[in-house]
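File shown: upload.cif (mmCIF, C-alpha atoms).
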data_target
loop_
_atom_site.label_atom_id
_atom_site.label_comp_id
_atom_site.auth_asym_id
_atom_site.auth_seq_id
_atom_site.Cartn_x
_atom_site.Cartn_y
_atom_site.Cartn_z
CA MET A 97 33.94 85.07 39.39
CA ALA A 98 35.08 81.53 40.13
CA ASN A 99 33.55 78.60 38.32
CA PRO A 100 31.05 76.46 40.26
CA THR A 101 32.03 73.06 41.61
CA ALA A 102 30.23 69.74 41.91
CA THR A 103 30.63 67.15 44.64
CA PHE A 104 29.93 63.59 43.50
CA ASP A 105 29.07 61.27 46.41
CA THR A 106 29.25 57.66 45.17
CA THR A 107 29.12 54.29 46.91
CA GLU A 108 32.88 54.07 46.20
CA GLY A 109 33.76 57.47 47.66
CA THR A 110 33.57 61.17 46.88
CA PHE A 111 35.19 63.30 44.22
CA LYS A 112 34.86 66.98 43.30
CA ALA A 113 35.12 68.83 40.01
CA GLU A 114 35.28 72.36 38.70
CA LEU A 115 32.57 73.01 36.08
CA TYR A 116 33.69 75.15 33.14
CA LEU A 117 30.77 77.58 33.20
CA ASP A 118 33.08 80.29 31.87
CA ARG A 119 33.89 78.29 28.72
CA LEU A 120 30.88 76.02 28.10
CA PRO A 121 27.94 77.84 29.70
CA ILE A 122 25.18 75.79 28.06
CA THR A 123 26.74 72.40 28.87
CA ALA A 124 27.71 73.38 32.42
CA SER A 125 24.31 74.99 33.07
CA ASN A 126 22.53 71.87 31.82
CA PHE A 127 24.57 69.73 34.21
CA ILE A 128 24.00 72.16 37.11
CA ASP A 129 20.23 72.19 36.47
CA LEU A 130 20.04 68.39 36.39
CA ALA A 131 22.18 68.03 39.52
CA LYS A 132 20.16 70.60 41.48
CA SER A 133 16.92 68.85 40.51
CA GLY A 134 18.19 65.52 41.92
CA PHE A 135 18.21 63.92 38.46
CA TYR A 136 21.50 62.09 39.09
CA ASN A 137 20.71 60.84 42.60
CA GLY A 138 20.37 57.05 42.69
CA VAL A 139 21.68 56.54 39.14
CA HIS A 140 24.40 53.89 38.65
CA PHE A 141 27.55 54.02 36.54
CA HIS A 142 26.61 51.96 33.48
CA ARG A 143 29.93 51.85 31.59
CA VAL A 144 33.44 51.67 33.03
CA ILE A 145 36.56 50.79 31.08
CA PRO A 146 40.02 50.67 32.70
CA ASP A 147 42.59 53.05 31.23
CA PHE A 148 39.82 54.84 29.34
CA MET A 149 36.80 56.30 31.21
CA LEU A 150 33.76 55.88 33.46
CA GLN A 151 30.33 56.87 32.13
CA PHE A 152 27.28 57.97 34.05
CA GLY A 153 24.03 59.90 33.82
CA CYS A 154 21.48 57.65 32.11
CA PRO A 155 18.17 57.68 34.03
CA ASN A 156 17.57 54.07 32.92
CA ALA A 157 20.59 53.12 35.06
CA LYS A 158 18.64 53.68 38.29
CA ASP A 159 18.23 49.92 37.78
CA PRO A 160 21.88 48.87 37.47
CA LYS A 161 20.95 45.77 35.47
CA SER A 162 18.62 47.52 33.01
CA ARG A 163 19.26 46.60 29.39
CA ALA A 164 18.28 50.18 28.55
CA ALA A 165 21.11 51.67 30.66
CA GLY A 166 23.10 54.01 28.45
CA THR A 167 20.19 54.85 26.15
CA GLY A 168 18.30 57.52 28.12
CA GLY A 169 18.42 61.20 28.81
CA PRO A 170 16.50 63.94 30.56
CA PRO A 171 13.06 65.13 29.51
CA ASP A 172 12.69 67.92 26.98
CA GLY A 173 12.24 71.36 28.51
CA THR A 174 14.09 74.50 29.47
CA PHE A 175 16.79 75.48 31.95
CA THR A 176 18.55 78.69 32.90
CA ASN A 177 21.97 79.50 31.48
CA VAL A 178 23.73 80.27 34.77
CA LYS A 179 26.30 82.52 33.03
CA THR A 180 23.97 84.66 30.91
CA GLY A 181 20.61 84.33 32.70
CA GLY A 182 19.05 83.32 29.39
CA THR A 183 16.82 80.34 28.72
CA GLU A 184 18.25 77.22 27.05
CA ARG A 185 16.34 74.17 25.89
CA ARG A 186 16.53 70.41 25.86
CA PHE A 187 15.00 68.92 22.73
CA ASN A 188 14.54 65.66 20.78
CA GLY A 189 14.85 63.42 23.83
CA GLY A 190 16.53 65.82 26.26
CA ASN A 191 19.45 66.82 24.05
CA ILE A 192 21.30 70.13 24.20
CA GLN A 193 23.10 72.17 21.57
CA ASP A 194 26.75 71.19 21.11
CA GLU A 195 29.25 73.73 22.38
CA HIS A 196 32.40 73.53 20.33
CA THR A 197 33.97 76.66 21.78
CA SER A 198 36.68 75.67 24.27
CA ARG A 199 39.70 73.65 23.20
CA ASP A 200 40.04 71.76 26.48
CA SER A 201 41.28 68.26 25.70
CA ASN A 202 39.90 64.95 26.98
CA ALA A 203 42.82 64.59 29.40
CA PRO A 204 42.84 62.43 32.54
CA GLY A 205 40.39 63.79 35.11
CA THR A 206 38.24 65.80 32.71
CA LEU A 207 34.44 65.58 32.49
CA SER A 208 33.16 65.27 28.93
CA MET A 209 29.71 65.10 27.34
CA ALA A 210 28.66 61.72 26.05
CA ASN A 211 26.56 61.61 22.88
CA THR A 212 25.36 59.22 20.20
CA GLY A 213 28.02 60.31 17.72
CA SER A 214 25.64 62.65 15.91
CA PRO A 215 25.58 66.42 16.42
CA ASN A 216 23.50 67.87 19.27
CA THR A 217 22.83 64.53 21.01
CA GLY A 218 24.35 65.21 24.46
CA GLY A 219 21.89 65.38 27.33
CA SER A 220 22.53 64.03 30.81
CA GLN A 221 25.23 61.42 30.19
CA PHE A 222 28.87 62.29 30.66
CA PHE A 223 32.14 60.53 31.29
CA VAL A 224 35.26 61.07 33.36
CA ASN A 225 38.45 60.42 31.43
CA VAL A 226 41.07 58.32 33.24
CA ALA A 227 43.51 58.39 30.30
CA ASP A 228 44.61 60.80 27.59
CA ASN A 229 41.65 60.48 25.23
CA SER A 230 42.48 63.42 22.97
CA PHE A 231 41.13 61.44 20.00
CA LEU A 232 37.68 62.28 21.46
CA ASP A 233 38.24 66.05 21.30
CA TRP A 234 35.70 67.93 19.22
CA PHE A 235 38.61 69.68 17.48
CA SER A 236 40.53 66.49 16.62
CA PRO A 237 40.22 64.61 13.32
CA GLY A 238 37.57 61.92 13.24
CA GLN A 239 33.92 61.51 14.08
CA SER A 240 33.95 61.54 17.91
CA LYS A 241 33.19 65.02 19.19
CA HIS A 242 33.04 65.24 22.99
CA PRO A 243 33.38 68.70 24.57
CA VAL A 244 35.07 68.89 27.98
CA PHE A 245 33.00 70.81 30.55
CA GLY A 246 34.91 70.25 33.78
CA LYS A 247 37.86 68.73 35.62
CA VAL A 248 38.18 66.65 38.78
CA THR A 249 39.93 68.71 41.46
CA GLU A 250 39.73 66.28 44.41
CA GLY A 251 39.34 62.52 44.65
CA TYR A 252 40.65 61.59 41.20
CA ASP A 253 41.85 58.32 42.81
CA ILE A 254 38.17 57.41 43.34
CA CYS A 255 37.55 57.82 39.59
CA VAL A 256 40.50 55.57 38.75
CA LYS A 257 39.28 53.03 41.33
CA ILE A 258 35.80 52.99 39.76
CA SER A 259 37.31 52.55 36.27
CA LYS A 260 39.12 49.40 37.42
CA VAL A 261 36.25 47.48 39.01
CA ARG A 262 35.28 44.06 37.70
CA THR A 263 32.75 44.37 34.88
CA GLN A 264 30.58 42.34 32.57
CA ASP A 265 30.08 43.98 29.17
CA ASP A 266 31.64 47.20 30.63
CA ASN A 267 28.92 47.33 33.32
CA PRO A 268 30.21 47.08 36.93
CA SER A 269 29.56 43.59 38.32
CA THR A 270 28.87 45.17 41.71
CA PRO A 271 26.71 48.24 41.05
CA ILE A 272 28.22 51.66 41.81
CA MET A 273 25.60 54.27 42.63
CA MET A 274 25.74 58.05 42.62
CA LYS A 275 24.16 58.89 45.96
CA SER A 276 24.08 62.61 45.19
CA VAL A 277 25.62 65.40 43.14
CA THR A 278 25.68 68.76 44.90
CA ILE A 279 26.61 72.09 43.33
CA GLN A 280 28.52 74.88 45.01
CA GLY A 281 28.84 78.41 43.63
CA ALA A 282 25.91 78.47 41.21
#

Now, as a test, write the supplied structure out as structure tokens.
Amino acid sequence: MANPTATFDTTEGTFKAELYLDRLPITASNFIDLAKSGFYNGVHFHRVIPDFMLQFGCPNAKDPKSRAAGTGGPPDGTFTNVKTGGTERRFNGGNIQDEHTSRDSNAPGTLSMANTGSPNTGGSQFFVNVADNSFLDWFSPGQSKHPVFGKVTEGYDICVKISKVRTQDDNPSTPIMMKSVTIQGA
């Protein structure tokens, strides 16, 4: 069975990604559940850094100028593991269990879970790598542990374009909104 895909429709253009449901079923299922619920619609990119990454998914970033952008996550609750049919949970502020199972590297074009730097603190925020950021791999030395749960398959140029916009404190000067995220194949 093929992995599901996500279409990201932003104010800067559209890109698509394969979601690694086969390798990170909890992380991918969490993302699929949030996308299908409309959680990401109307949220702005709150952190973009050229030659590094673009970060998205904080509900506080519905207001692109919110000082709380980058600090929020989804509500606690449950969601269905699309691969197994089992029930997974979000806890302690919408966080999910870390999945350190697949050795996919934080290479250009990959989608990776953002977190606070502590274990089990990923929720709704993720980033798209626009450089080789292997130092962020969960299996690399050091404290940063960011599992990769997908890869851009179309429109990578849009991601690079977003990463290079003018910013103030890494926040786009002209807000960039996610109009919608739609899921195919799940």

The PyMOL selection byres ((chain A and resi 258-264) around 8) - which residues does that actually catch in the file I just gave you? List them as a PDB file with C-alpha atoms, in the coordinates of the input.
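Just written: selection.pdb:
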ATOM      1  CA  GLU A 108      32.880  54.070  46.200  1.00  0.00           C
ATOM      2  CA  VAL A 144      33.440  51.670  33.030  1.00  0.00           C
ATOM      3  CA  ILE A 145      36.560  50.790  31.080  1.00  0.00           C
ATOM      4  CA  PRO A 146      40.020  50.670  32.700  1.00  0.00           C
ATOM      5  CA  ASP A 147      42.590  53.050  31.230  1.00  0.00           C
ATOM      6  CA  PHE A 148      39.820  54.840  29.340  1.00  0.00           C
ATOM      7  CA  MET A 149      36.800  56.300  31.210  1.00  0.00           C
ATOM      8  CA  LEU A 150      33.760  55.880  33.460  1.00  0.00           C
ATOM      9  CA  VAL A 226      41.070  58.320  33.240  1.00  0.00           C
ATOM     10  CA  ILE A 254      38.170  57.410  43.340  1.00  0.00           C
ATOM     11  CA  CYS A 255      37.550  57.820  39.590  1.00  0.00           C
ATOM     12  CA  VAL A 256      40.500  55.570  38.750  1.00  0.00           C
ATOM     13  CA  LYS A 257      39.280  53.030  41.330  1.00  0.00           C
ATOM     14  CA  ASP A 265      30.080  43.980  29.170  1.00  0.00           C
ATOM     15  CA  ASP A 266      31.640  47.200  30.630  1.00  0.00           C
ATOM     16  CA  ASN A 267      28.920  47.330  33.320  1.00  0.00           C
ATOM     17  CA  PRO A 268      30.210  47.080  36.930  1.00  0.00           C
ATOM     18  CA  SER A 269      29.560  43.590  38.320  1.00  0.00           C
ATOM     19  CA  THR A 270      28.870  45.170  41.710  1.00  0.00           C
ATOM     20  CA  ILE A 272      28.220  51.660  41.810  1.00  0.00           C
TER      21      ILE A 272
END

Contacts of Gly153 (chain A) at 9 Å or less, counting only C-alpha atoms, minus same-chain residues fewer than 5 places along, as a PyMOL selection string? chain A and resi 135-136+139-142+166+168-169+219-223

Work out how far apart CA of Ala203 (chain A) and CA of Ser276 (chain A) are and give it in Å to one decimal.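 Distance between the two atoms: 24.6 Å.
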
Could you tell me how far CA of Ser240 (chain A) lies from CA of Asn225 (chain A), in Å and to one decimal? 14.3 Å

Which residue out of A:Asp253, A:Thr180, A:Val248, A:Ser208 has the minimum interatomic distance to Trp234 (chain A) when all atoms listed in the file are used?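 Among A:Asp253, A:Thr180, A:Val248, A:Ser208, it is A:Ser208 that comes nearest to Trp234 (chain A).
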
Using all atoms listed in the file, which of A:Met274, A:Ile122, A:Ala210, A:Ile128 sits nearest Pro100 (chain A)?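 For Pro100 (chain A), the nearest of the given residues is A:Ile128.
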
Expected selection from the PyMOL selection byres ((chain A and resi 165) around 9), given as a ChimeraX atom specification: /A:140,142-143,154-164,166-168

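Residue nearest Thr106 (chain A) within the list A:Pro170, A:Pro215, A:Gly251, A:Gly189: A:Gly251 [criterion: smallest interatomic distance, all atoms listed in the file].
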
Excluding Glu195 (chain A) and its own-chain neighbours fewer than 2 positions away, which residues fall within 10 Å of it when counting only C-alpha atoms? Please give them as an NGL selection string. :A and (119-123 or 192-193 or 197-198 or 209 or 216 or 234 or 242-245)

Computed interatomic separation between CA of Gly205 (chain A) and CA of Gly190 (chain A) (Å): 25.5 Å

Counting all atoms listed in the file, figure out which residue out of A:Asn202, A:Thr212, A:Thr217, A:Ser230 gets nearest to Phe187 (chain A).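 Closest candidate: A:Thr217.
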
Determine the residue membership of the PyMOL selection byres ((chain A and resi 131) around 10) for the file above and supply it as a compact mmCIF listing (two decimals) with C-alpha atoms, in the coordinates of the input.
# COMPACT_ATOMS: atom_id res chain seq x y z
CA ALA A 102 30.23 69.74 41.91
CA THR A 103 30.63 67.15 44.64
CA PHE A 104 29.93 63.59 43.50
CA SER A 125 24.31 74.99 33.07
CA ASN A 126 22.53 71.87 31.82
CA PHE A 127 24.57 69.73 34.21
CA ILE A 128 24.00 72.16 37.11
CA ASP A 129 20.23 72.19 36.47
CA LEU A 130 20.04 68.39 36.39
CA LYS A 132 20.16 70.60 41.48
CA SER A 133 16.92 68.85 40.51
CA GLY A 134 18.19 65.52 41.92
CA PHE A 135 18.21 63.92 38.46
CA TYR A 136 21.50 62.09 39.09
CA ASN A 137 20.71 60.84 42.60
CA SER A 220 22.53 64.03 30.81
CA SER A 276 24.08 62.61 45.19
CA VAL A 277 25.62 65.40 43.14
CA THR A 278 25.68 68.76 44.90
CA ILE A 279 26.61 72.09 43.33

Out of A:Arg186, A:Arg199, A:Lys241, A:Lys275, which residue has the shortest atom-to-atom distance to Gly109 (chain A) when counting all atoms listed in the file? A:Lys275

Nearest to His196 (chain A): which of A:Ser236, A:Asn229, A:Thr110, A:Asn177 is it, counting all atoms listed in the file? A:Ser236
